[in-house]
$ cat query27.cif   # mmCIF, N, CA and C atoms
data_query
loop_
_atom_site.label_atom_id
_atom_site.label_comp_id
_atom_site.auth_asym_id
_atom_site.auth_seq_id
_atom_site.Cartn_x
_atom_site.Cartn_y
_atom_site.Cartn_z
N MET A 309 0.84 -1.18 0.00
CA MET A 309 0.00 0.00 0.00
C MET A 309 0.89 1.24 0.00
N LYS A 310 0.43 2.22 -0.72
CA LYS A 310 1.14 3.50 -0.74
C LYS A 310 0.87 4.21 0.59
N PRO A 311 1.94 4.50 1.36
CA PRO A 311 1.72 5.14 2.66
C PRO A 311 1.29 6.59 2.53
N LEU A 312 0.51 7.05 3.50
CA LEU A 312 0.08 8.43 3.53
C LEU A 312 1.13 9.27 4.24
N SER A 313 1.17 10.56 3.92
CA SER A 313 2.09 11.46 4.60
C SER A 313 1.58 11.72 6.03
N LYS A 314 2.39 12.42 6.83
CA LYS A 314 1.98 12.73 8.20
C LYS A 314 0.71 13.57 8.23
N PHE A 315 0.66 14.56 7.36
CA PHE A 315 -0.53 15.42 7.31
C PHE A 315 -1.75 14.64 6.87
N GLN A 316 -1.59 13.76 5.88
CA GLN A 316 -2.72 12.94 5.42
C GLN A 316 -3.18 12.00 6.52
N ASN A 317 -2.24 11.43 7.28
CA ASN A 317 -2.62 10.58 8.41
C ASN A 317 -3.37 11.37 9.48
N PHE A 318 -2.96 12.62 9.70
CA PHE A 318 -3.67 13.48 10.63
C PHE A 318 -5.10 13.72 10.16
N LEU A 319 -5.25 14.05 8.87
CA LEU A 319 -6.59 14.28 8.32
C LEU A 319 -7.44 13.01 8.39
N TYR A 320 -6.82 11.87 8.17
CA TYR A 320 -7.52 10.58 8.23
C TYR A 320 -8.05 10.32 9.65
N GLY A 321 -7.20 10.54 10.65
CA GLY A 321 -7.62 10.35 12.04
C GLY A 321 -8.67 11.37 12.47
N ALA A 322 -8.44 12.63 12.10
CA ALA A 322 -9.40 13.67 12.45
C ALA A 322 -10.74 13.42 11.77
N GLY A 323 -10.70 12.96 10.53
CA GLY A 323 -11.95 12.64 9.83
C GLY A 323 -12.71 11.52 10.51
N GLY A 324 -11.99 10.53 11.01
CA GLY A 324 -12.64 9.43 11.72
C GLY A 324 -13.31 9.88 13.00
N ILE A 325 -12.63 10.77 13.74
CA ILE A 325 -13.21 11.28 14.99
C ILE A 325 -14.43 12.15 14.71
N VAL A 326 -14.31 13.03 13.72
CA VAL A 326 -15.42 13.91 13.36
C VAL A 326 -16.59 13.08 12.81
N LEU A 327 -16.26 12.04 12.07
CA LEU A 327 -17.28 11.13 11.53
C LEU A 327 -18.06 10.47 12.65
N LEU A 328 -17.38 10.00 13.66
CA LEU A 328 -18.03 9.35 14.80
C LEU A 328 -18.91 10.33 15.56
N ALA A 329 -18.40 11.54 15.79
CA ALA A 329 -19.20 12.55 16.48
C ALA A 329 -20.43 12.92 15.67
N GLY A 330 -20.27 13.03 14.35
CA GLY A 330 -21.40 13.36 13.50
C GLY A 330 -22.42 12.25 13.40
N ALA A 331 -22.01 11.01 13.61
CA ALA A 331 -22.96 9.89 13.57
C ALA A 331 -23.80 9.82 14.83
N VAL A 332 -23.26 10.31 15.94
CA VAL A 332 -23.99 10.27 17.21
C VAL A 332 -24.93 11.46 17.35
N MET A 333 -24.55 12.61 16.82
CA MET A 333 -25.33 13.84 17.01
C MET A 333 -26.77 13.75 16.50
N PRO A 334 -27.06 13.12 15.36
CA PRO A 334 -28.46 13.08 14.90
C PRO A 334 -29.39 12.27 15.81
N LEU A 335 -28.85 11.52 16.72
CA LEU A 335 -29.69 10.75 17.63
C LEU A 335 -30.37 11.64 18.66
N PHE A 336 -29.86 12.86 18.85
CA PHE A 336 -30.48 13.82 19.74
C PHE A 336 -31.35 14.75 18.90
N PRO A 337 -32.60 14.98 19.31
CA PRO A 337 -33.57 15.69 18.46
C PRO A 337 -33.14 17.06 17.95
N GLY A 338 -32.50 17.88 18.74
CA GLY A 338 -32.17 19.23 18.30
C GLY A 338 -30.90 19.35 17.50
N LEU A 339 -30.15 18.26 17.35
CA LEU A 339 -28.84 18.33 16.70
C LEU A 339 -28.80 17.66 15.33
N LEU A 340 -29.94 17.49 14.70
CA LEU A 340 -29.98 16.78 13.42
C LEU A 340 -29.21 17.53 12.33
N MET A 341 -29.47 18.81 12.17
CA MET A 341 -28.80 19.57 11.11
C MET A 341 -27.30 19.70 11.39
N ALA A 342 -26.94 20.03 12.62
CA ALA A 342 -25.52 20.14 12.97
C ALA A 342 -24.82 18.79 12.81
N GLY A 343 -25.49 17.73 13.21
CA GLY A 343 -24.93 16.39 13.06
C GLY A 343 -24.71 16.00 11.62
N ALA A 344 -25.65 16.39 10.76
CA ALA A 344 -25.51 16.09 9.33
C ALA A 344 -24.31 16.82 8.74
N CYS A 345 -24.11 18.06 9.13
CA CYS A 345 -22.96 18.82 8.61
C CYS A 345 -21.65 18.27 9.14
N VAL A 346 -21.60 17.93 10.42
CA VAL A 346 -20.38 17.38 11.02
C VAL A 346 -20.07 16.02 10.39
N PHE A 347 -21.09 15.18 10.23
CA PHE A 347 -20.88 13.86 9.62
C PHE A 347 -20.38 13.99 8.19
N THR A 348 -20.94 14.91 7.44
CA THR A 348 -20.51 15.10 6.06
C THR A 348 -19.05 15.53 5.99
N ALA A 349 -18.64 16.45 6.86
CA ALA A 349 -17.24 16.88 6.87
C ALA A 349 -16.32 15.71 7.22
N GLY A 350 -16.70 14.93 8.20
CA GLY A 350 -15.90 13.78 8.59
C GLY A 350 -15.84 12.72 7.50
N ALA A 351 -16.97 12.48 6.84
CA ALA A 351 -17.02 11.48 5.77
C ALA A 351 -16.15 11.89 4.60
N VAL A 352 -16.15 13.17 4.26
CA VAL A 352 -15.32 13.64 3.15
C VAL A 352 -13.84 13.51 3.49
N LEU A 353 -13.46 13.91 4.69
CA LEU A 353 -12.05 13.79 5.10
C LEU A 353 -11.61 12.32 5.15
N PHE A 354 -12.39 11.49 5.82
CA PHE A 354 -12.04 10.09 6.01
C PHE A 354 -12.00 9.35 4.68
N SER A 355 -13.02 9.51 3.87
CA SER A 355 -13.10 8.78 2.60
C SER A 355 -12.03 9.23 1.61
N SER A 356 -11.78 10.52 1.55
CA SER A 356 -10.79 10.99 0.59
C SER A 356 -9.39 10.50 0.94
N MET A 357 -9.07 10.44 2.22
CA MET A 357 -7.76 9.92 2.62
C MET A 357 -7.66 8.42 2.39
N GLN A 358 -8.77 7.71 2.56
CA GLN A 358 -8.76 6.27 2.26
C GLN A 358 -8.56 6.02 0.78
N MET A 359 -9.13 6.87 -0.04
CA MET A 359 -9.01 6.69 -1.48
C MET A 359 -7.61 7.05 -1.99
N LEU A 360 -6.88 7.88 -1.25
CA LEU A 360 -5.52 8.23 -1.65
C LEU A 360 -4.53 7.11 -1.40
N ALA A 361 -4.79 6.27 -0.42
CA ALA A 361 -3.90 5.15 -0.12
C ALA A 361 -4.17 4.05 -1.16
N ARG A 362 -3.24 3.88 -2.08
CA ARG A 362 -3.44 2.93 -3.18
C ARG A 362 -2.67 1.65 -2.93
N TYR A 363 -3.13 0.59 -3.59
CA TYR A 363 -2.40 -0.68 -3.58
C TYR A 363 -2.11 -1.05 -5.02
N ASP A 364 -0.83 -1.19 -5.35
CA ASP A 364 -0.43 -1.51 -6.71
C ASP A 364 0.07 -2.94 -6.87
N GLY A 365 -0.03 -3.74 -5.82
CA GLY A 365 0.45 -5.11 -5.88
C GLY A 365 -0.50 -6.02 -6.64
N SER A 366 -0.17 -7.31 -6.63
CA SER A 366 -0.97 -8.26 -7.40
C SER A 366 -1.67 -9.31 -6.53
N ASP A 367 -1.57 -9.19 -5.20
CA ASP A 367 -2.22 -10.15 -4.32
C ASP A 367 -3.73 -9.98 -4.39
N ILE A 368 -4.42 -11.06 -4.75
CA ILE A 368 -5.87 -10.98 -4.97
C ILE A 368 -6.64 -10.73 -3.68
N THR A 369 -6.14 -11.24 -2.55
CA THR A 369 -6.83 -11.03 -1.28
C THR A 369 -6.77 -9.56 -0.87
N VAL A 370 -5.61 -8.96 -1.01
CA VAL A 370 -5.46 -7.54 -0.66
C VAL A 370 -6.29 -6.68 -1.60
N ARG A 371 -6.32 -7.03 -2.86
CA ARG A 371 -7.13 -6.25 -3.82
C ARG A 371 -8.61 -6.34 -3.48
N ARG A 372 -9.08 -7.52 -3.08
CA ARG A 372 -10.49 -7.69 -2.70
C ARG A 372 -10.80 -6.88 -1.45
N LEU A 373 -9.93 -6.95 -0.46
CA LEU A 373 -10.14 -6.19 0.77
C LEU A 373 -10.09 -4.69 0.50
N ARG A 374 -9.23 -4.28 -0.38
CA ARG A 374 -9.14 -2.86 -0.74
C ARG A 374 -10.42 -2.38 -1.42
N ARG A 375 -10.97 -3.22 -2.29
CA ARG A 375 -12.25 -2.87 -2.93
C ARG A 375 -13.37 -2.77 -1.90
N GLN A 376 -13.37 -3.66 -0.93
CA GLN A 376 -14.37 -3.59 0.12
C GLN A 376 -14.20 -2.33 0.96
N GLN A 377 -12.97 -1.96 1.21
CA GLN A 377 -12.71 -0.74 1.97
C GLN A 377 -13.21 0.49 1.20
N LEU A 378 -12.96 0.52 -0.09
CA LEU A 378 -13.43 1.64 -0.91
C LEU A 378 -14.95 1.66 -1.00
N MET A 379 -15.57 0.48 -1.03
CA MET A 379 -17.03 0.43 -1.03
C MET A 379 -17.58 1.01 0.27
N GLY A 380 -16.91 0.71 1.40
CA GLY A 380 -17.32 1.29 2.67
C GLY A 380 -17.17 2.81 2.67
N ALA A 381 -16.08 3.31 2.07
CA ALA A 381 -15.87 4.75 1.99
C ALA A 381 -16.95 5.43 1.14
N ILE A 382 -17.31 4.79 0.05
CA ILE A 382 -18.37 5.35 -0.81
C ILE A 382 -19.71 5.32 -0.08
N LEU A 383 -19.97 4.26 0.67
CA LEU A 383 -21.21 4.19 1.43
C LEU A 383 -21.25 5.25 2.54
N LEU A 384 -20.10 5.61 3.09
CA LEU A 384 -20.08 6.71 4.06
C LEU A 384 -20.49 8.03 3.40
N LEU A 385 -20.06 8.24 2.17
CA LEU A 385 -20.46 9.45 1.45
C LEU A 385 -21.95 9.42 1.09
N VAL A 386 -22.45 8.24 0.73
CA VAL A 386 -23.89 8.09 0.47
C VAL A 386 -24.68 8.37 1.74
N THR A 387 -24.18 7.88 2.87
CA THR A 387 -24.83 8.12 4.16
C THR A 387 -24.88 9.61 4.45
N ALA A 388 -23.80 10.32 4.15
CA ALA A 388 -23.79 11.77 4.37
C ALA A 388 -24.86 12.45 3.54
N GLY A 389 -25.01 12.03 2.29
CA GLY A 389 -26.06 12.60 1.44
C GLY A 389 -27.46 12.31 1.97
N LEU A 390 -27.68 11.09 2.42
CA LEU A 390 -29.00 10.73 2.96
C LEU A 390 -29.29 11.48 4.25
N LEU A 391 -28.27 11.67 5.07
CA LEU A 391 -28.44 12.40 6.32
C LEU A 391 -28.75 13.87 6.04
N LEU A 392 -28.11 14.44 5.03
CA LEU A 392 -28.42 15.82 4.66
C LEU A 392 -29.83 15.95 4.10
N MET A 393 -30.26 14.94 3.34
CA MET A 393 -31.65 14.95 2.83
C MET A 393 -32.64 14.94 3.98
N LYS A 394 -32.37 14.14 4.99
CA LYS A 394 -33.28 14.08 6.14
C LYS A 394 -33.27 15.40 6.90
N ALA A 395 -32.08 15.97 7.11
CA ALA A 395 -31.97 17.21 7.89
C ALA A 395 -32.63 18.38 7.17
N CYS A 396 -32.50 18.44 5.86
CA CYS A 396 -33.06 19.55 5.09
C CYS A 396 -34.48 19.27 4.61
N ALA A 397 -34.97 18.06 4.81
CA ALA A 397 -36.30 17.63 4.39
C ALA A 397 -36.49 17.84 2.89
N THR A 398 -35.49 17.47 2.10
CA THR A 398 -35.58 17.55 0.65
C THR A 398 -35.23 16.19 0.06
N GLY A 399 -35.63 16.01 -1.16
CA GLY A 399 -35.30 14.77 -1.84
C GLY A 399 -36.30 13.66 -1.54
N PRO A 400 -36.15 12.55 -2.24
CA PRO A 400 -37.12 11.46 -2.09
C PRO A 400 -36.94 10.63 -0.82
N LEU A 401 -35.76 10.60 -0.26
CA LEU A 401 -35.49 9.76 0.91
C LEU A 401 -35.28 10.63 2.13
N ARG A 402 -36.33 10.79 2.93
CA ARG A 402 -36.25 11.67 4.09
C ARG A 402 -36.37 10.91 5.40
N GLY A 403 -36.31 9.60 5.35
CA GLY A 403 -36.46 8.79 6.56
C GLY A 403 -35.12 8.43 7.17
N ASP A 404 -35.10 7.24 7.71
CA ASP A 404 -33.90 6.78 8.40
C ASP A 404 -33.09 5.81 7.55
N GLU A 405 -33.11 5.97 6.25
CA GLU A 405 -32.31 5.11 5.37
C GLU A 405 -30.83 5.26 5.63
N TRP A 406 -30.42 6.42 6.12
CA TRP A 406 -29.01 6.67 6.39
C TRP A 406 -28.46 5.70 7.43
N LYS A 407 -29.31 5.23 8.33
CA LYS A 407 -28.85 4.29 9.35
C LYS A 407 -28.47 2.95 8.73
N LEU A 408 -29.19 2.53 7.71
CA LEU A 408 -28.89 1.27 7.03
C LEU A 408 -27.55 1.36 6.29
N THR A 409 -27.37 2.43 5.52
CA THR A 409 -26.11 2.57 4.78
C THR A 409 -24.92 2.77 5.73
N LEU A 410 -25.15 3.45 6.84
CA LEU A 410 -24.09 3.63 7.83
C LEU A 410 -23.70 2.30 8.46
N THR A 411 -24.68 1.45 8.72
CA THR A 411 -24.40 0.14 9.30
C THR A 411 -23.59 -0.73 8.35
N ILE A 412 -23.96 -0.74 7.09
CA ILE A 412 -23.22 -1.53 6.09
C ILE A 412 -21.80 -0.98 5.94
N ALA A 413 -21.67 0.35 5.87
CA ALA A 413 -20.34 0.96 5.75
C ALA A 413 -19.48 0.65 6.97
N ALA A 414 -20.07 0.69 8.15
CA ALA A 414 -19.31 0.41 9.37
C ALA A 414 -18.83 -1.03 9.40
N VAL A 415 -19.68 -1.96 8.99
CA VAL A 415 -19.28 -3.37 8.95
C VAL A 415 -18.11 -3.56 7.98
N LEU A 416 -18.21 -2.97 6.79
CA LEU A 416 -17.13 -3.10 5.82
C LEU A 416 -15.83 -2.46 6.32
N GLU A 417 -15.94 -1.29 6.91
CA GLU A 417 -14.75 -0.58 7.40
C GLU A 417 -14.09 -1.33 8.55
N VAL A 418 -14.87 -1.84 9.48
CA VAL A 418 -14.29 -2.55 10.62
C VAL A 418 -13.66 -3.86 10.16
N TYR A 419 -14.34 -4.57 9.27
CA TYR A 419 -13.81 -5.83 8.76
C TYR A 419 -12.47 -5.62 8.06
N THR A 420 -12.42 -4.63 7.18
CA THR A 420 -11.17 -4.40 6.44
C THR A 420 -10.09 -3.80 7.33
N ALA A 421 -10.48 -3.06 8.38
CA ALA A 421 -9.48 -2.49 9.28
C ALA A 421 -8.70 -3.59 10.01
N PHE A 422 -9.37 -4.68 10.32
CA PHE A 422 -8.69 -5.78 11.00
C PHE A 422 -8.05 -6.76 10.03
N ARG A 423 -8.64 -6.97 8.90
CA ARG A 423 -8.20 -8.00 7.98
C ARG A 423 -7.10 -7.53 7.02
N LEU A 424 -7.15 -6.28 6.60
CA LEU A 424 -6.22 -5.77 5.60
C LEU A 424 -4.75 -5.75 6.07
N PRO A 425 -4.43 -5.30 7.28
CA PRO A 425 -3.02 -5.34 7.70
C PRO A 425 -2.44 -6.75 7.72
N ALA A 426 -3.25 -7.72 8.14
CA ALA A 426 -2.76 -9.10 8.14
C ALA A 426 -2.53 -9.61 6.72
N ALA A 427 -3.42 -9.26 5.82
CA ALA A 427 -3.26 -9.69 4.43
C ALA A 427 -2.06 -9.02 3.77
N LEU A 428 -1.81 -7.75 4.11
CA LEU A 428 -0.64 -7.06 3.57
C LEU A 428 0.66 -7.67 4.08
N LYS A 429 0.67 -8.03 5.37
CA LYS A 429 1.85 -8.66 5.94
C LYS A 429 2.10 -10.02 5.30
N LYS A 430 1.05 -10.77 5.05
CA LYS A 430 1.16 -12.08 4.43
C LYS A 430 1.62 -11.96 2.98
N ALA A 431 1.18 -10.92 2.28
CA ALA A 431 1.53 -10.71 0.88
C ALA A 431 3.01 -10.37 0.71
N GLU A 432 3.62 -9.76 1.72
CA GLU A 432 5.03 -9.40 1.64
C GLU A 432 5.84 -10.64 1.87
#
$ encode --input "query27.cif" --output "structure tokens"
Amino acid sequence: MKPLSKFQNFLYGAGGIVLLAGAVMPLFPGLLMAGACVFTAGAVLFSSMQMLARYDGSDITVRRLRRQQLMGAILLLVTAGLLLMKACATGPLRGDEWKLTLTIAAVLEVYTAFRLPAALKKAE
């Protein structure tokens, strides 16, 4: 995997923390709009840094895990869009669909977070 710079690692970590805070905020009735904005900022930071870390090797297991990780990152961005639709009451999906996409993204991200380093070590 192509390593991230120190600044990119900082943005990656900060995006994860902001993402988590933004995911919890909409659960409180008065913080839906603020939570949607915070979650969107975190999702953009976290996902963009994940997409910058590339894998150019040929190991099929690492490539599969990397695709799953990118799918989780894309689902985080979709979740941000759905959360903004709910907060602004616009668009066709104004319910709690964002919770479903967030759950799927979280499962993919957690799975690849534990599995990918082991697969990279094995590939070397």
$ select_by_dssp --input "query27.cif" --residues "chain A" --states "helix (DSSP H, G or I)" --output "MDAnalysis selection string"
chainID A and resid 314:335 337:360 368:396 405:431
$ closest_residue --input "query27.cif" --among "A:Ala381, A:Ala427, A:Ala414, A:Met341" --to "Gln358 (chain A)" --atoms "only C-alpha atoms"
A:Ala381
$ closest_atom_pairs --input "query27.cif" --of "region 339-380 of chain A" --to "region 318-331 of chain A" --cutoff "6 Å" --atoms "only C-alpha atoms" --output "Markdown table"
| residue | atom | partner | partner_atom | distance |
| --- | --- | --- | --- | --- |
| A:Gly343 | CA | A:Gly330 | CA | 4.7 |
| A:Val346 | CA | A:Gly330 | CA | 4.8 |
| A:Phe347 | CA | A:Gly330 | CA | 3.9 |
| A:Gly350 | CA | A:Leu327 | CA | 4.2 |
| A:Ala351 | CA | A:Leu327 | CA | 5.8 |
| A:Leu353 | CA | A:Gly323 | CA | 4.9 |
| A:Phe354 | CA | A:Gly323 | CA | 4.6 |
| A:Met357 | CA | A:Tyr320 | CA | 5.7 |
$ closest_residue --input "query27.cif" --among "A:Arg371, A:Pro425, A:Leu408, A:Ala413" --to "Leu385 (chain A)" --atoms "only C-alpha atoms"
A:Ala413
$ atom_distance --input "query27.cif" --atom1 "CA of Val370 (chain A)" --atom2 "CA of Leu428 (chain A)"
6.4 Å
$ residues_around --input "query27.cif" --residues "Thr387 (chain A)" --least-positions-apart "6" --cutoff "6 Å" --atoms "all atoms listed in the file" --output "PyMOL selection string"
chain A and resi 406+409-410
$ atom_distance --input "query27.cif" --atom1 "atom N of Arg423 (chain A)" --atom2 "atom N of Ala344 (chain A)"
29.0 Å
$ closest_residue --input "query27.cif" --among "A:Val386, A:Ala431, A:Ala395, A:Ala421" --to "Leu373 (chain A)" --atoms "only C-alpha atoms"
A:Ala421
$ closest_residue --input "query27.cif" --among "A:Thr398, A:Arg374, A:Lys407, A:Ile368" --to "Val332 (chain A)" --atoms "only C-alpha atoms"
A:Lys407
$ atom_distance --input "query27.cif" --atom1 "CA of Phe422 (chain A)" --atom2 "CA of Thr369 (chain A)"
13.5 Å
$ resolve_selection --input "query27.cif" --expression "the PyMOL selection byres (((chain A and resi 359 and name CA) around 12) and name CA)" --output "list in words"
Met309, Lys310, Pro311, Leu312, Gln316, Tyr320, Ala351, Val352, Leu353, Phe354, Ser355, Ser356, Met357, Gln358, Leu360, Ala361, Arg362, Tyr363, Arg374, Arg375, Gln376, Gln377, Leu378, Met379, Gly380, Ala381 and Ile382 of chain A
$ closest_residue --input "query27.cif" --among "A:Thr411, A:Leu416, A:Ala388, A:Lys430" --to "Cys345 (chain A)" --atoms "all atoms listed in the file"
A:Ala388
